[in-house]
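The structure file final-v7.cif is reproduced below (mmCIF, C-alpha atoms).
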```
data_my_file
#
loop_
_atom_site.group_PDB
_atom_site.id
_atom_site.type_symbol
_atom_site.label_atom_id
_atom_site.label_comp_id
_atom_site.auth_asym_id
_atom_site.auth_seq_id
_atom_site.Cartn_x
_atom_site.Cartn_y
_atom_site.Cartn_z
ATOM 1 C CA MET A 1 -78.508 38.253 -134.137
ATOM 2 C CA ARG A 2 -76.510 36.255 -131.632
ATOM 3 C CA ARG A 3 -76.591 32.541 -132.200
ATOM 4 C CA PHE A 4 -76.469 29.979 -129.429
ATOM 5 C CA ALA A 5 -75.275 26.396 -129.718
ATOM 6 C CA PRO A 6 -77.861 23.752 -128.829
ATOM 7 C CA ILE A 7 -77.678 23.041 -125.112
ATOM 8 C CA GLY A 8 -77.025 19.342 -125.762
ATOM 9 C CA LEU A 9 -73.869 20.136 -127.702
ATOM 10 C CA VAL A 10 -72.655 22.483 -124.996
ATOM 11 C CA MET A 11 -73.176 19.835 -122.313
ATOM 12 C CA ALA A 12 -71.449 17.165 -124.405
ATOM 13 C CA ALA A 13 -68.470 19.428 -125.011
ATOM 14 C CA ALA A 14 -68.239 20.226 -121.311
ATOM 15 C CA ALA A 15 -68.284 16.538 -120.446
ATOM 16 C CA LEU A 16 -65.438 15.626 -122.794
ATOM 17 C CA PRO A 17 -62.531 16.629 -120.536
ATOM 18 C CA GLY A 18 -64.002 14.637 -117.636
ATOM 19 C CA ALA A 19 -64.721 11.615 -119.836
ATOM 20 C CA ALA A 20 -61.232 11.737 -121.316
ATOM 21 C CA ARG A 21 -59.746 11.965 -117.828
ATOM 22 C CA ALA A 22 -61.754 8.933 -116.686
ATOM 23 C CA GLN A 23 -60.480 6.913 -119.649
ATOM 24 C CA GLU A 24 -56.937 8.038 -118.924
ATOM 25 C CA VAL A 25 -57.223 6.936 -115.278
ATOM 26 C CA ALA A 26 -58.592 3.509 -116.274
ATOM 27 C CA ALA A 27 -55.789 3.020 -118.825
ATOM 28 C CA ALA A 28 -53.017 4.108 -116.423
ATOM 29 C CA PRO A 29 -52.425 0.637 -114.892
ATOM 30 C CA VAL A 30 -52.046 -0.859 -118.370
ATOM 31 C CA LYS A 31 -49.495 1.814 -119.251
ATOM 32 C CA SER A 32 -47.593 0.984 -116.052
ATOM 33 C CA LEU A 33 -47.527 -2.686 -117.028
ATOM 34 C CA ASN A 34 -46.421 -1.908 -120.584
ATOM 35 C CA ASP A 35 -43.633 0.354 -119.315
ATOM 36 C CA GLY A 36 -42.534 -2.334 -116.865
ATOM 37 C CA LEU A 37 -42.422 -5.000 -119.562
ATOM 38 C CA VAL A 38 -40.384 -2.826 -121.910
ATOM 39 C CA ALA A 39 -37.975 -2.131 -119.039
ATOM 40 C CA ILE A 40 -37.359 -5.814 -118.299
ATOM 41 C CA MET A 41 -37.017 -6.574 -122.013
ATOM 42 C CA LYS A 42 -34.340 -3.917 -122.288
ATOM 43 C CA GLY A 43 -32.665 -5.358 -119.182
ATOM 44 C CA GLY A 44 -32.681 -8.753 -120.903
ATOM 45 C CA LYS A 45 -29.751 -11.058 -120.212
ATOM 46 C CA LYS A 46 -28.026 -8.451 -118.072
ATOM 47 C CA LEU A 47 -30.846 -8.674 -115.541
ATOM 48 C CA GLY A 48 -31.244 -12.418 -115.957
ATOM 49 C CA PHE A 49 -34.468 -14.231 -115.175
ATOM 50 C CA ALA A 50 -34.293 -13.544 -111.434
ATOM 51 C CA GLY A 51 -33.608 -9.854 -112.020
ATOM 52 C CA ARG A 52 -36.468 -9.494 -114.477
ATOM 53 C CA ALA A 53 -38.835 -11.296 -112.088
ATOM 54 C CA ALA A 54 -37.789 -9.071 -109.187
ATOM 55 C CA GLN A 55 -38.253 -5.928 -111.297
ATOM 56 C CA ILE A 56 -41.692 -6.806 -112.678
ATOM 57 C CA ALA A 57 -43.055 -8.168 -109.364
ATOM 58 C CA PRO A 58 -44.059 -4.800 -107.811
ATOM 59 C CA VAL A 59 -45.671 -3.809 -111.124
ATOM 60 C CA VAL A 60 -47.757 -7.001 -111.098
ATOM 61 C CA ASP A 61 -48.763 -6.363 -107.483
ATOM 62 C CA LYS A 62 -49.896 -2.829 -108.325
ATOM 63 C CA VAL A 63 -51.620 -3.510 -111.655
ATOM 64 C CA PHE A 64 -53.428 -6.824 -111.058
ATOM 65 C CA ASP A 65 -56.174 -7.666 -108.571
ATOM 66 C CA LEU A 66 -54.586 -11.039 -107.851
ATOM 67 C CA PRO A 67 -56.996 -12.133 -105.078
ATOM 68 C CA LEU A 68 -60.042 -11.495 -107.280
ATOM 69 C CA MET A 69 -58.413 -13.064 -110.345
ATOM 70 C CA THR A 70 -57.613 -16.156 -108.308
ATOM 71 C CA ARG A 71 -61.106 -16.416 -106.851
ATOM 72 C CA LEU A 72 -62.715 -16.061 -110.281
ATOM 73 C CA ALA A 73 -60.360 -18.646 -111.807
ATOM 74 C CA VAL A 74 -61.060 -21.158 -109.030
ATOM 75 C CA GLY A 75 -64.823 -20.595 -109.076
ATOM 76 C CA VAL A 76 -67.219 -22.257 -106.633
ATOM 77 C CA PRO A 77 -64.515 -24.459 -104.963
ATOM 78 C CA TRP A 78 -63.022 -21.218 -103.602
ATOM 79 C CA ASN A 79 -65.816 -21.201 -101.016
ATOM 80 C CA ALA A 80 -64.693 -24.551 -99.636
ATOM 81 C CA ALA A 81 -61.005 -23.611 -99.444
ATOM 82 C CA THR A 82 -59.503 -22.786 -96.054
ATOM 83 C CA PRO A 83 -57.997 -19.323 -95.433
ATOM 84 C CA ALA A 84 -54.519 -20.864 -95.669
ATOM 85 C CA GLU A 85 -55.374 -22.539 -98.989
ATOM 86 C CA ARG A 86 -56.754 -19.286 -100.379
ATOM 87 C CA THR A 87 -53.588 -17.438 -99.406
ATOM 88 C CA ALA A 88 -51.460 -20.162 -100.996
ATOM 89 C CA LEU A 89 -53.543 -20.077 -104.202
ATOM 90 C CA VAL A 90 -53.163 -16.304 -104.546
ATOM 91 C CA SER A 91 -49.428 -16.635 -103.888
ATOM 92 C CA ALA A 92 -49.133 -19.347 -106.552
ATOM 93 C CA ILE A 93 -51.019 -17.279 -109.148
ATOM 94 C CA ARG A 94 -48.811 -14.293 -108.320
ATOM 95 C CA LYS A 95 -45.679 -16.398 -108.776
ATOM 96 C CA LEU A 96 -46.980 -17.801 -112.081
ATOM 97 C CA THR A 97 -47.861 -14.338 -113.417
ATOM 98 C CA ILE A 98 -44.467 -12.878 -112.501
ATOM 99 C CA ASN A 99 -42.501 -15.841 -113.860
ATOM 100 C CA GLN A 100 -44.406 -15.902 -117.139
ATOM 101 C CA TYR A 101 -43.718 -12.230 -117.733
ATOM 102 C CA ALA A 102 -40.037 -12.608 -116.803
ATOM 103 C CA ALA A 103 -39.709 -15.581 -119.183
ATOM 104 C CA ASN A 104 -41.757 -14.228 -122.089
ATOM 105 C CA PHE A 105 -40.290 -10.718 -122.071
ATOM 106 C CA GLY A 106 -36.614 -11.594 -121.834
ATOM 107 C CA ASN A 107 -35.084 -9.490 -124.588
ATOM 108 C CA TRP A 108 -35.782 -6.320 -126.528
ATOM 109 C CA SER A 109 -35.552 -5.933 -130.295
ATOM 110 C CA GLY A 110 -37.565 -2.795 -130.881
ATOM 111 C CA GLN A 111 -40.844 -3.915 -129.320
ATOM 112 C CA ALA A 112 -43.333 -1.209 -128.366
ATOM 113 C CA PHE A 113 -46.816 -1.024 -126.899
ATOM 114 C CA THR A 114 -49.611 1.274 -128.024
ATOM 115 C CA ILE A 115 -52.833 1.804 -126.082
ATOM 116 C CA ASP A 116 -56.152 2.414 -127.808
ATOM 117 C CA ALA A 117 -57.454 5.791 -126.635
ATOM 118 C CA ASN A 118 -61.018 4.471 -126.690
ATOM 119 C CA VAL A 119 -61.593 2.715 -123.376
ATOM 120 C CA ALA A 120 -64.748 0.589 -123.560
ATOM 121 C CA SER A 121 -67.145 -0.107 -120.702
ATOM 122 C CA ARG A 122 -68.318 -3.597 -119.751
ATOM 123 C CA GLY A 123 -70.920 -2.909 -117.118
ATOM 124 C CA THR A 124 -68.949 -1.268 -114.323
ATOM 125 C CA ASP A 125 -65.664 -2.661 -115.700
ATOM 126 C CA LYS A 126 -63.380 -1.068 -118.295
ATOM 127 C CA LEU A 127 -61.728 -2.714 -121.299
ATOM 128 C CA VAL A 128 -58.380 -1.313 -122.411
ATOM 129 C CA LYS A 129 -57.018 -2.531 -125.739
ATOM 130 C CA THR A 130 -53.333 -2.510 -126.641
ATOM 131 C CA GLN A 131 -51.034 -3.688 -129.396
ATOM 132 C CA LEU A 132 -47.551 -5.097 -129.026
ATOM 133 C CA THR A 133 -45.500 -4.383 -132.128
ATOM 134 C CA THR A 134 -42.216 -6.003 -133.055
ATOM 135 C CA PRO A 135 -40.270 -4.970 -136.170
ATOM 136 C CA LYS A 136 -40.959 -7.280 -139.149
ATOM 137 C CA GLU A 137 -43.624 -9.213 -137.215
ATOM 138 C CA ALA A 138 -47.409 -9.031 -137.099
ATOM 139 C CA PRO A 139 -48.720 -6.968 -134.168
ATOM 140 C CA VAL A 140 -50.180 -8.807 -131.192
ATOM 141 C CA SER A 141 -53.438 -7.499 -129.733
ATOM 142 C CA ILE A 142 -53.851 -7.688 -125.957
ATOM 143 C CA ALA A 143 -56.872 -6.359 -124.067
ATOM 144 C CA TYR A 144 -57.240 -5.906 -120.335
ATOM 145 C CA ARG A 145 -60.420 -5.940 -118.283
ATOM 146 C CA LEU A 146 -60.181 -3.682 -115.248
ATOM 147 C CA ARG A 147 -62.372 -3.278 -112.198
ATOM 148 C CA GLN A 148 -62.268 -0.673 -109.455
ATOM 149 C CA THR A 149 -60.957 -1.986 -106.152
ATOM 150 C CA GLY A 150 -60.597 0.412 -103.254
ATOM 151 C CA GLY A 151 -60.837 3.330 -105.680
ATOM 152 C CA ASP A 152 -58.101 2.009 -107.975
ATOM 153 C CA TRP A 153 -58.519 0.358 -111.359
ATOM 154 C CA ARG A 154 -56.921 -3.097 -111.475
ATOM 155 C CA VAL A 155 -56.688 -5.792 -114.107
ATOM 156 C CA ILE A 156 -58.904 -8.849 -113.543
ATOM 157 C CA ASP A 157 -58.551 -10.550 -116.944
ATOM 158 C CA VAL A 158 -56.286 -10.511 -119.997
ATOM 159 C CA PHE A 159 -57.474 -11.247 -123.527
ATOM 160 C CA TYR A 160 -54.911 -12.379 -126.087
ATOM 161 C CA GLN A 161 -55.745 -11.304 -129.636
ATOM 162 C CA ASN A 162 -58.668 -9.529 -127.939
ATOM 163 C CA SER A 163 -60.610 -12.790 -127.660
ATOM 164 C CA ILE A 164 -58.825 -15.512 -125.664
ATOM 165 C CA SER A 165 -59.595 -14.922 -121.995
ATOM 166 C CA GLN A 166 -56.808 -15.870 -119.607
ATOM 167 C CA LEU A 167 -59.405 -16.234 -116.864
ATOM 168 C CA ALA A 168 -61.556 -18.641 -118.906
ATOM 169 C CA THR A 169 -58.505 -20.632 -119.995
ATOM 170 C CA ARG A 170 -57.312 -21.033 -116.420
ATOM 171 C CA ARG A 171 -60.802 -21.901 -115.212
ATOM 172 C CA ALA A 172 -60.994 -24.723 -117.781
ATOM 173 C CA ASP A 173 -57.542 -25.968 -116.746
ATOM 174 C CA PHE A 174 -58.293 -25.770 -113.031
ATOM 175 C CA ASP A 175 -61.716 -27.466 -113.009
ATOM 176 C CA ALA A 176 -60.474 -31.044 -113.488
ATOM 177 C CA ILE A 177 -57.668 -30.621 -110.954
ATOM 178 C CA LEU A 178 -60.005 -29.194 -108.339
ATOM 179 C CA ALA A 179 -62.509 -32.013 -108.929
ATOM 180 C CA LYS A 180 -59.835 -34.655 -108.303
ATOM 181 C CA GLY A 181 -57.654 -33.158 -105.603
ATOM 182 C CA GLY A 182 -59.216 -29.950 -104.341
ATOM 183 C CA ALA A 183 -57.362 -26.765 -103.484
ATOM 184 C CA LYS A 184 -54.157 -28.541 -102.369
ATOM 185 C CA ALA A 185 -53.778 -30.207 -105.758
ATOM 186 C CA LEU A 186 -54.370 -26.911 -107.553
ATOM 187 C CA ILE A 187 -51.771 -25.129 -105.434
ATOM 188 C CA GLY A 188 -49.215 -27.759 -106.440
ATOM 189 C CA HIS A 189 -50.263 -27.552 -110.093
ATOM 190 C CA VAL A 190 -49.952 -23.759 -110.314
ATOM 191 C CA ASN A 191 -46.601 -23.752 -108.519
ATOM 192 C CA THR A 192 -45.359 -26.407 -110.951
ATOM 193 C CA LEU A 193 -46.408 -24.201 -113.883
ATOM 194 C CA ALA A 194 -44.590 -21.266 -112.297
ATOM 195 C CA ASP A 195 -41.420 -23.337 -111.835
ATOM 196 C CA LYS A 196 -41.569 -24.497 -115.454
ATOM 197 C CA ALA A 197 -41.844 -20.888 -116.630
ATOM 198 C CA ALA A 198 -38.706 -20.092 -114.658
ATOM 199 C CA SER A 199 -36.676 -22.988 -116.041
#
```

Go through the file and emit its structure as structure tokens.
Amino acid sequence: MRRFAPIGLVMAAAALPGAARAQEVAAAPVKSLNDGLVAIMKGGKKLGFAGRAAQIAPVVDKVFDLPLMTRLAVGVPWNAATPAERTALVSAIRKLTINQYAANFGNWSGQAFTIDANVASRGTDKLVKTQLTTPKEAPVSIAYRLRQTGGDWRVIDVFYQNSISQLATRRADFDAILAKGGAKALIGHVNTLADKAAS
């Protein structure tokens, strides 16, 4: 007698390649960022800070949804900002992001990134978990929240040790500055942070 697999199992098996592909697509921007960071680490002193910043900049532009990240970090005061102030805020956040990566990933001593194959869903967003390993040091867990923008998955938040939200941290830092001096004060504050990262 011929035996047939339960239809549910057949459908689940058929869905696996598509599900795996979807996870792969969502994780692709994180892989691009990881590859870019390893590249600037290996460039190290030879590239110099300016060289590392220039090399990682297009990766940041491609991987991160900087306008959305900026708007979420600013919160309600974003609505009161002028178009010029919004543009300046996004530019300042971009500069800060690039400079922090160029400063924090300045040399390579065997570091490597691994991406968790299990991409979690958070509503319509995706959560991609990674680990940064350095020989003789404890691994560092970094998770990325991604959202589809124009058909592409882009990072909108970074979680250090899988729990500390960069977005929430910035929001807490920005609130007092916005309350006292508005968007202009915040633009100056973020640019100052970016300049400090570069020094």

The PyMOL selection byres ((chain A and resi 48-55) around 10) on the file shown: which residues, as a PyMOL selection string? chain A and resi 36-37+39-47+56-60+95+97-103+105-107+198-199

Residues near Arg86 in chain A, cut-off 10 Å, all atoms listed in the file, skip fewer than 3 positions along chain, as a PyMOL selection string: chain A and resi 67+70-71+74+78-83+89-92+183-184+187

Would you pick out the contacts of range 114-128 of chain A at 10 Å or less, using all atoms listed in the file, so that residues sharing its chain but fewer than 2 positions from it are not included, and give the list as a PyMOL selection string? chain A and resi 20+22-24+26-31+34+112+130-133+141-148+153-159+162

Which residue of A:Ile177, A:Leu33, A:Ala197, A:Val25 approaches Phe113 in chain A most closely, using all atoms listed in the file: A:Leu33

CA of Asn104 in chain A sits from CA of Leu167 in chain A at a separation of 18.5 Å

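Distance-wise, CA of Ser165 in chain A and CA of Val140 in chain A end up 14.5 Å apart.
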